[in-house]
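Novice: The structure that follows is given in the form of structure tokens.
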Amino acid sequence: MTISKNDLLTHTFSKKLFGYRPAEVEATLREAAETLDRLAGERAELLRRVAEMERDLREFKDREATLRDTLMTTQTIVGDMKEKARTEAVALVDDARRQAGTLLEEARRRVAVENVRLEALYRQRERFEQQMRDLLLTHARLLNAPDDGREREVLDTARVLAGEQGKDTAGGDFVFGEETA
């Protein structure tokens, strides 16, 4: 049974002989009614605030669940991205190593080819130097030989070989490879 302020104020008590003083009872009833009315208002306000807080609590729980889901999804995505980045890094390093190996092998092959060419050039230079020595010795023999007509032909032939075609050199007592006194 609930009693409201109006119930309390409008209620009439039966009277007995030597009963309570009506003014005190009425004053106490008014005070009790006012207190009851105030408490009913406070209760209504508290119920409203509880309902509001329960609504806020549901919202916060929903947000928390959303944030938790978002965090879990983000962690999963970050983990996947890290793994993908690791995989790509390993692939890039492996590819770089393969390319470096290929380039190194190509460089070694080119060095070997260039070494072969260099050896061929050394041999060619040695042959050229030997031919030049032989030519110079032939010229020296011809220049140091007595001057008769038969040797003049050989001398002209040697000059043609040396690129001195048609030049006549007048010389004294010079002996090729020797100094005159």
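Order determines the names: the first chain of the structure tokens is A, the second B, and so forth; residues in each chain are numbered 1 upward, and ligands are numbered 1 upward as they are shown.
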With only C-alpha atoms counted and 12 Å as the cut-off, give the residues of stretch 87-106 of chain A in contact with stretch 73-83 of chain A, each with its shortest interatomic distance in Å and the pair that gives it, as a tab-separated table.
Specialist:
```
residue	atom	partner	partner_atom	distance
A:Thr87	CA	A:Glu83	CA	6.1
A:Glu88	CA	A:Glu83	CA	8.5
A:Ala89	CA	A:Glu83	CA	9.7
A:Val90	CA	A:Glu83	CA	10.5
```
Novice: Based on DSSP run over this structure's backbone, return all residues of stretch 6-175 of chain A in alpha helix (DSSP H), as an MDAnalysis selection string.
Specialist: chainID A and resid 6:10 22:144 149:162
Novice: Would you pick out the contacts of stretch 22-36 of chain A at 8 Å or less, using only C-alpha atoms, so that residues sharing its chain but fewer than 5 positions from it are not included, and give the list as a PyMOL selection string?
Specialist: chain A and resi 4-6+8-9
Novice: Provide the atom CA of A:Leu135 to atom CA of A:Arg159 distance in Å, to one decimal place.
Specialist: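 That distance, rounded to one decimal, is 10.5 Å.
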Novice: Looking at A:Leu17, A:Leu121, A:Val50, A:Ala40, which one is nearest to A:Thr2, with distances taken over only C-alpha atoms?
Specialist: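 Of A:Leu17, A:Leu121, A:Val50, A:Ala40, the one nearest A:Thr2, counting only C-alpha atoms, is A:Ala40.
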